[in-house]
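One structure below.
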Amino acid sequence: MISEGAGSLLPGELRGAFVWELTLDASGTVTRKTVARARMRSTQRLDYETAGRSIDDGTADQTLMLLKEVGLARIELERERGGASLNIPSVEIEEEGDSYRLVRRRPLPVEDWNAQISLMTGMAAADMMLGAKVGILRTMPAPDEKTLKRFRRQATALGHEWPNGLAYGEYLRSLDVTNPRELAIMHAAGSLFRGAGYTAFDGSVPEESVQAAVAAPYAHVTAPLRRLVDRFTLVACEAIAAGSSVPDWVRQALPELPSIMATSDQTAGNVERAALNTVEAAVLSTRVGDVFDATVISAGDEKGQIQLTDPAVSASCDGVLEAGAHVHARLVEADIATATVRFELAGFEQTGARPPSE
């Protein structure tokens with residue numbers, strides 16, 4: 001595989017790469033940007049846990065300490081421009097003897113700092129392409145007033161009101177996702193992050209150029225091995241930085257890329273969900289009929305989505321539910337072949353929210 005050979009970043013190996021050089025001022029604002037092809041050698045292989053510990057205990061090298069400094073500065077800039085992110089805990093599959101278990105894990109601070117570097121690069125790329133009036137952006141419309149009002153009502157009902165005048169990105173940062181009700185709010189906030197797509201342009205600046213969650217123009221340029229569009233944006237930015245014309249093969253592909261990426265994103269999402277659903281069904285396959293403690297993370301007519309306390313499974317649940325309520329749910333189906341997990345409401349907890357009918 002390319003990612004394990006010529007495209008890998010194994011320590012000590014010389015690799016070809018697109019290298020971005022971004023100059024920042026004291027606030028973390030980019031004052032100069034350029035990108036070019038180069039040869040680079042990775043010096044060490046790190047994971048987030050090890051990197052985070054070394055930063056916390058002061059043993060990290062200057063590069064990692066700068067990651068924290070720049071990351072925190074960029075988070076502050078994100079706050080100022082009204083950006084937001086959904087920091088919903090991820091579900092990881094861990095091997096446990098002859099079986100597997102699901103673990104829900106919150107992102108570490110070092111992951112957020114690293115993500116800010118990627119965001120900064122994508123914003124720099126978007127600025128370059130907009131300046132040259134050619135390229136492709138990752139765009140998303142801002143939530144409309146109806147959606148915002150609905151989310152405000154949900155937040156109030158779940159006991160954590162969204163104050164008027166507080167940017168929604170700042171409000172989301174105030175949520176404690178270890179609190180089941182506030183985790184339900186974070187899931188409900190997904191309604192504010194819909195409609196993302198790709199906007200290609202050549203010869204003029206598009207009317208809609210902002211990615212609402214980032215609160216700025218943004219482009220994908222940091223993952224060319226796993227995302228097709230990055231291979232075109234990187235070449236476009238390289239040409240723009242060098243003062244050259246964007247290659248014709250890039251310009252010719254631009255109109256087709258939004259539909260290709262939409263299909264690709266949908267396929268990747270379906271595969272990821274199918275894999276997780278299959279493991280969840282396998283973990284629960286011997287427990288059909290058991291009753292579990294859970295929190296309702298979304299509710300509709302006679303059905304909703306619940307999050308189990310243990311194991312870390314989210315699944316469909318039949319019954320009249322209320323978002324944020326603590327419930328008892330009985331497992332009625334866990335089919336590995338169809339990757340289906342389904343519960344039914346067995347009762348509300350005494351300390352939880354009351355059923356809507358009460």
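How things are named: the first chain in the structure tokens is A, the next is B, and so on; residues count from 1 in each chain; ligands count from 1 in the order shown.
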
Residues near Ala184 in chain A, anyone? I mean within 12 Å using only C-alpha atoms, not counting same-chain ones fewer than 3 positions away, as an MDAnalysis selection string. chainID A and resid 86 88:89 151 154:160 172 175:181 187:190 294:299 304:307 314 322:326

Could you pull the residues within 8 Å of Leu331 in chain A, counting only C-alpha atoms, minus those fewer than 3 positions along the same chain, as number ranges by chain? A: 287-292, 334, 341-344

Could you make a table, as CSV, of the residues of range 59-123 of chain A that have an atom within 12 Å of an atom of range 132-150 of chain A, each with its nearest atom pair and distance in Å to one decimal, counting only C-alpha atoms, in chain and number order?
residue,atom,partner,partner_atom,distance
A:Gly82,CA,A:Ala142,CA,11.3
A:Gly83,CA,A:Ala142,CA,10.9
A:Ala84,CA,A:Ala142,CA,11.4
A:Leu119,CA,A:Arg138,CA,11.5
A:Gly122,CA,A:Leu137,CA,9.1
A:Met123,CA,A:Leu137,CA,9.6

Please dump the current selection as a PDB file, in the first residue's frame; keep N, CA and C atoms.
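Listing of selection-v4.pdb after writing:
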ATOM      1  N   GLY A  82     -16.272  33.209  15.859  1.00  0.00           N
ATOM      2  CA  GLY A  82     -17.544  32.503  15.999  1.00  0.00           C
ATOM      3  C   GLY A  82     -17.548  31.092  15.476  1.00  0.00           C
ATOM      4  N   GLY A  83     -16.377  30.461  15.381  1.00  0.00           N
ATOM      5  CA  GLY A  83     -16.289  29.087  14.924  1.00  0.00           C
ATOM      6  C   GLY A  83     -16.765  28.111  15.986  1.00  0.00           C
ATOM      7  N   ALA A  84     -17.053  26.895  15.560  1.00  0.00           N
ATOM      8  CA  ALA A  84     -17.561  25.887  16.497  1.00  0.00           C
ATOM      9  C   ALA A  84     -17.165  24.500  16.030  1.00  0.00           C
ATOM     10  N   LEU A 119      -6.864  23.037  10.473  1.00  0.00           N
ATOM     11  CA  LEU A 119      -7.822  24.082  10.129  1.00  0.00           C
ATOM     12  C   LEU A 119      -7.122  25.332   9.606  1.00  0.00           C
ATOM     13  N   GLY A 122      -6.014  24.704   6.068  1.00  0.00           N
ATOM     14  CA  GLY A 122      -7.144  24.733   5.155  1.00  0.00           C
ATOM     15  C   GLY A 122      -7.663  26.137   4.902  1.00  0.00           C
ATOM     16  N   MET A 123      -7.638  26.982   5.934  1.00  0.00           N
ATOM     17  CA  MET A 123      -8.065  28.371   5.768  1.00  0.00           C
ATOM     18  C   MET A 123      -7.076  29.148   4.902  1.00  0.00           C
TER      19      MET A 123
END

Hey, what does DSSP flag as strand (DSSP E) within range 79-322 of chain A? Can you give it to me as a VMD selection string? chain A and resid 90 to 96 99 to 105 134 to 139 197 to 202 291 to 299 303 to 308 314 to 318

Just checking: using only C-alpha atoms, which residue out of A:Ala17, A:Leu22, A:Leu130, A:Ala281 ends up closest to Val210 in chain A?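 Closest candidate: A:Leu130.
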
Going by DSSP on the backbone, which bits of range 134-284 of chain A are helix (DSSP H, G or I)? Write them as a ChimeraX atom specification, please. /A:145-157,168-173,180-192,228-241,248-284

Just the selected residues (C-alpha atoms), exported as a PDB file, in the first residue's frame, please.
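Result went into again_39.pdb, see below:
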ATOM      1  CA  GLU A 145     -33.402  31.024  12.259  1.00  0.00           C
ATOM      2  CA  LYS A 146     -35.951  28.201  12.493  1.00  0.00           C
ATOM      3  CA  THR A 147     -33.209  25.630  13.159  1.00  0.00           C
ATOM      4  CA  LEU A 148     -31.554  27.876  15.742  1.00  0.00           C
ATOM      5  CA  LYS A 149     -34.838  28.456  17.593  1.00  0.00           C
ATOM      6  CA  ARG A 150     -35.561  24.723  17.653  1.00  0.00           C
ATOM      7  CA  PHE A 151     -32.126  23.977  19.062  1.00  0.00           C
ATOM      8  CA  ARG A 152     -32.524  26.704  21.709  1.00  0.00           C
ATOM      9  CA  ARG A 153     -35.780  25.091  22.841  1.00  0.00           C
ATOM     10  CA  GLN A 154     -34.089  21.677  23.016  1.00  0.00           C
ATOM     11  CA  ALA A 155     -31.206  23.083  25.066  1.00  0.00           C
ATOM     12  CA  THR A 156     -33.608  24.767  27.508  1.00  0.00           C
ATOM     13  CA  ALA A 157     -35.671  21.577  27.858  1.00  0.00           C
ATOM     14  CA  TYR A 168     -23.183  28.977  19.405  1.00  0.00           C
ATOM     15  CA  GLY A 169     -19.556  27.836  19.134  1.00  0.00           C
ATOM     16  CA  GLU A 170     -18.863  29.256  22.572  1.00  0.00           C
ATOM     17  CA  TYR A 171     -22.036  27.656  23.913  1.00  0.00           C
ATOM     18  CA  LEU A 172     -20.989  24.230  22.619  1.00  0.00           C
ATOM     19  CA  ARG A 173     -17.605  24.627  24.319  1.00  0.00           C
ATOM     20  CA  PRO A 180     -25.717  12.677  29.835  1.00  0.00           C
ATOM     21  CA  ARG A 181     -28.100  15.622  29.358  1.00  0.00           C
ATOM     22  CA  GLU A 182     -25.380  17.862  27.979  1.00  0.00           C
ATOM     23  CA  LEU A 183     -24.190  15.043  25.720  1.00  0.00           C
ATOM     24  CA  ALA A 184     -27.768  14.905  24.388  1.00  0.00           C
ATOM     25  CA  ILE A 185     -27.527  18.650  23.638  1.00  0.00           C
ATOM     26  CA  MET A 186     -24.284  18.069  21.757  1.00  0.00           C
ATOM     27  CA  HIS A 187     -25.967  15.409  19.637  1.00  0.00           C
ATOM     28  CA  ALA A 188     -28.898  17.760  19.007  1.00  0.00           C
ATOM     29  CA  ALA A 189     -26.418  20.420  17.878  1.00  0.00           C
ATOM     30  CA  GLY A 190     -25.738  18.268  14.833  1.00  0.00           C
ATOM     31  CA  SER A 191     -28.796  19.969  13.306  1.00  0.00           C
ATOM     32  CA  LEU A 192     -26.721  23.170  13.134  1.00  0.00           C
ATOM     33  CA  LEU A 228      -9.352  12.773  -3.510  1.00  0.00           C
ATOM     34  CA  VAL A 229     -10.116  16.495  -3.512  1.00  0.00           C
ATOM     35  CA  ASP A 230      -6.898  17.305  -1.616  1.00  0.00           C
ATOM     36  CA  ARG A 231      -4.812  16.124  -4.581  1.00  0.00           C
ATOM     37  CA  PHE A 232      -6.337  18.891  -6.700  1.00  0.00           C
ATOM     38  CA  THR A 233      -6.340  21.672  -4.091  1.00  0.00           C
ATOM     39  CA  LEU A 234      -2.696  21.036  -3.216  1.00  0.00           C
ATOM     40  CA  VAL A 235      -1.577  21.265  -6.857  1.00  0.00           C
ATOM     41  CA  ALA A 236      -3.684  24.411  -7.324  1.00  0.00           C
ATOM     42  CA  CYS A 237      -2.182  26.060  -4.238  1.00  0.00           C
ATOM     43  CA  GLU A 238       1.337  25.038  -5.230  1.00  0.00           C
ATOM     44  CA  ALA A 239       0.901  26.747  -8.611  1.00  0.00           C
ATOM     45  CA  ILE A 240      -0.637  29.860  -7.051  1.00  0.00           C
ATOM     46  CA  ALA A 241       2.192  30.133  -4.501  1.00  0.00           C
ATOM     47  CA  ASP A 248      -5.400  22.587 -17.035  1.00  0.00           C
ATOM     48  CA  TRP A 249      -6.033  19.054 -15.741  1.00  0.00           C
ATOM     49  CA  VAL A 250      -6.917  20.533 -12.354  1.00  0.00           C
ATOM     50  CA  ARG A 251      -9.228  23.182 -13.833  1.00  0.00           C
ATOM     51  CA  GLN A 252     -10.971  20.623 -16.030  1.00  0.00           C
ATOM     52  CA  ALA A 253     -11.658  18.384 -13.037  1.00  0.00           C
ATOM     53  CA  LEU A 254     -13.082  21.124 -10.774  1.00  0.00           C
ATOM     54  CA  PRO A 255     -16.724  20.973 -11.987  1.00  0.00           C
ATOM     55  CA  GLU A 256     -16.879  17.197 -11.423  1.00  0.00           C
ATOM     56  CA  LEU A 257     -15.268  17.084  -7.988  1.00  0.00           C
ATOM     57  CA  PRO A 258     -18.273  18.209  -5.840  1.00  0.00           C
ATOM     58  CA  SER A 259     -20.460  15.289  -6.995  1.00  0.00           C
ATOM     59  CA  ILE A 260     -17.567  12.818  -6.805  1.00  0.00           C
ATOM     60  CA  MET A 261     -16.743  13.897  -3.256  1.00  0.00           C
ATOM     61  CA  ALA A 262     -20.396  13.794  -2.184  1.00  0.00           C
ATOM     62  CA  THR A 263     -20.597  10.173  -3.305  1.00  0.00           C
ATOM     63  CA  SER A 264     -17.239   9.370  -1.702  1.00  0.00           C
ATOM     64  CA  ASP A 265     -18.187  10.978   1.628  1.00  0.00           C
ATOM     65  CA  GLN A 266     -21.493   9.105   1.675  1.00  0.00           C
ATOM     66  CA  THR A 267     -19.802   5.777   0.921  1.00  0.00           C
ATOM     67  CA  ALA A 268     -17.127   6.319   3.583  1.00  0.00           C
ATOM     68  CA  GLY A 269     -19.777   7.251   6.147  1.00  0.00           C
ATOM     69  CA  ASN A 270     -21.860   4.185   5.318  1.00  0.00           C
ATOM     70  CA  VAL A 271     -18.852   1.864   5.631  1.00  0.00           C
ATOM     71  CA  GLU A 272     -17.814   3.396   8.960  1.00  0.00           C
ATOM     72  CA  ARG A 273     -21.344   3.128  10.371  1.00  0.00           C
ATOM     73  CA  ALA A 274     -21.734  -0.441   9.103  1.00  0.00           C
ATOM     74  CA  ALA A 275     -18.478  -1.524  10.745  1.00  0.00           C
ATOM     75  CA  LEU A 276     -19.403   0.044  14.080  1.00  0.00           C
ATOM     76  CA  ASN A 277     -22.977  -1.293  13.929  1.00  0.00           C
ATOM     77  CA  THR A 278     -21.673  -4.804  13.252  1.00  0.00           C
ATOM     78  CA  VAL A 279     -19.343  -4.715  16.266  1.00  0.00           C
ATOM     79  CA  GLU A 280     -22.111  -3.292  18.464  1.00  0.00           C
ATOM     80  CA  ALA A 281     -24.417  -6.130  17.390  1.00  0.00           C
ATOM     81  CA  ALA A 282     -21.677  -8.676  18.122  1.00  0.00           C
ATOM     82  CA  VAL A 283     -20.980  -7.234  21.570  1.00  0.00           C
ATOM     83  CA  LEU A 284     -24.689  -7.424  22.468  1.00  0.00           C
TER      84      LEU A 284
END

Write out as a PyMOL selection string which residues come within 10 Å of Arg41 in chain A when counting only C-alpha atoms, dropping same-chain ones fewer than 4 positions away. chain A and resi 9-17

Export N, CA and C atoms of the chosen residues as a compact mmCIF listing (two decimals), in the first residue's frame?
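Result file is selection_1.txt:
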# COMPACT_ATOMS: atom_id res chain seq x y z
N LEU A 9 4.92 8.04 6.82
CA LEU A 9 5.80 8.96 7.54
C LEU A 9 6.58 8.20 8.61
N LEU A 10 7.07 7.02 8.27
CA LEU A 10 7.87 6.25 9.21
C LEU A 10 9.16 7.01 9.54
N PRO A 11 9.60 6.96 10.78
CA PRO A 11 10.81 7.69 11.18
C PRO A 11 12.04 7.27 10.37
N GLY A 12 12.83 8.26 10.00
CA GLY A 12 14.10 8.00 9.32
C GLY A 12 14.01 7.84 7.82
N GLU A 13 12.79 7.81 7.27
CA GLU A 13 12.62 7.61 5.83
C GLU A 13 12.42 8.95 5.11
N LEU A 14 13.03 9.09 3.95
CA LEU A 14 12.91 10.31 3.15
C LEU A 14 11.68 10.18 2.26
N ARG A 15 10.80 11.17 2.32
CA ARG A 15 9.54 11.10 1.58
C ARG A 15 9.27 12.40 0.84
N GLY A 16 8.56 12.29 -0.28
CA GLY A 16 8.08 13.47 -0.99
C GLY A 16 6.84 14.01 -0.31
N ALA A 17 6.69 15.33 -0.29
CA ALA A 17 5.54 15.91 0.39
C ALA A 17 5.27 17.33 -0.13

One decimal, Å: what's the distance from CA of Arg74 in chain A over to CA of Thr31 in chain A, could you say?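 Atom-to-atom, CA of Arg74 in chain A to CA of Thr31 in chain A, that is 13.4 Å.
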
Here CA of Asn114 in chain A and CA of Phe201 in chain A stand apart by 29.1 Å

Nearest residue to Glu94 in chain A out of A:Ala329, A:Val320, A:Ala346, A:Ala312, using only C-alpha atoms?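 Once distances to Glu94 in chain A are computed over only C-alpha atoms, the minimum belongs to A:Ala312.
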
Nearest-residue call for Asp112 in chain A, choices A:Ala125, A:Ile93, A:Leu67, A:Val19, using only C-alpha atoms: A:Leu67

Could you tell me how far CA of Ile117 in chain A sits from CA of Gly71 in chain A, in Å to one decimal place?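 Calculated distance between CA of Gly71 in chain A and CA of Ile117 in chain A is 6.8 Å.
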
Which residue of A:Val313, A:Pro217, A:Asp61, A:Glu349 approaches Gln44 in chain A most closely, using only C-alpha atoms: A:Asp61

Go through A:Cys317, A:Pro109, A:Ala215, A:Leu225 one by one, measure the shortest atom-to-atom distance of each to Glu78 in chain A using only C-alpha atoms, and give the residue with the smallest value.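 Going through A:Cys317, A:Pro109, A:Ala215, A:Leu225 one by one, the smallest distance to Glu78 in chain A is for A:Ala215.
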
Pick the closest to Val35 in chain A from A:Val214, A:Gln116, A:Pro107, A:Thr121: which is it, counting only C-alpha atoms?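 Counting only C-alpha atoms, the residue closest to Val35 in chain A is A:Thr121.
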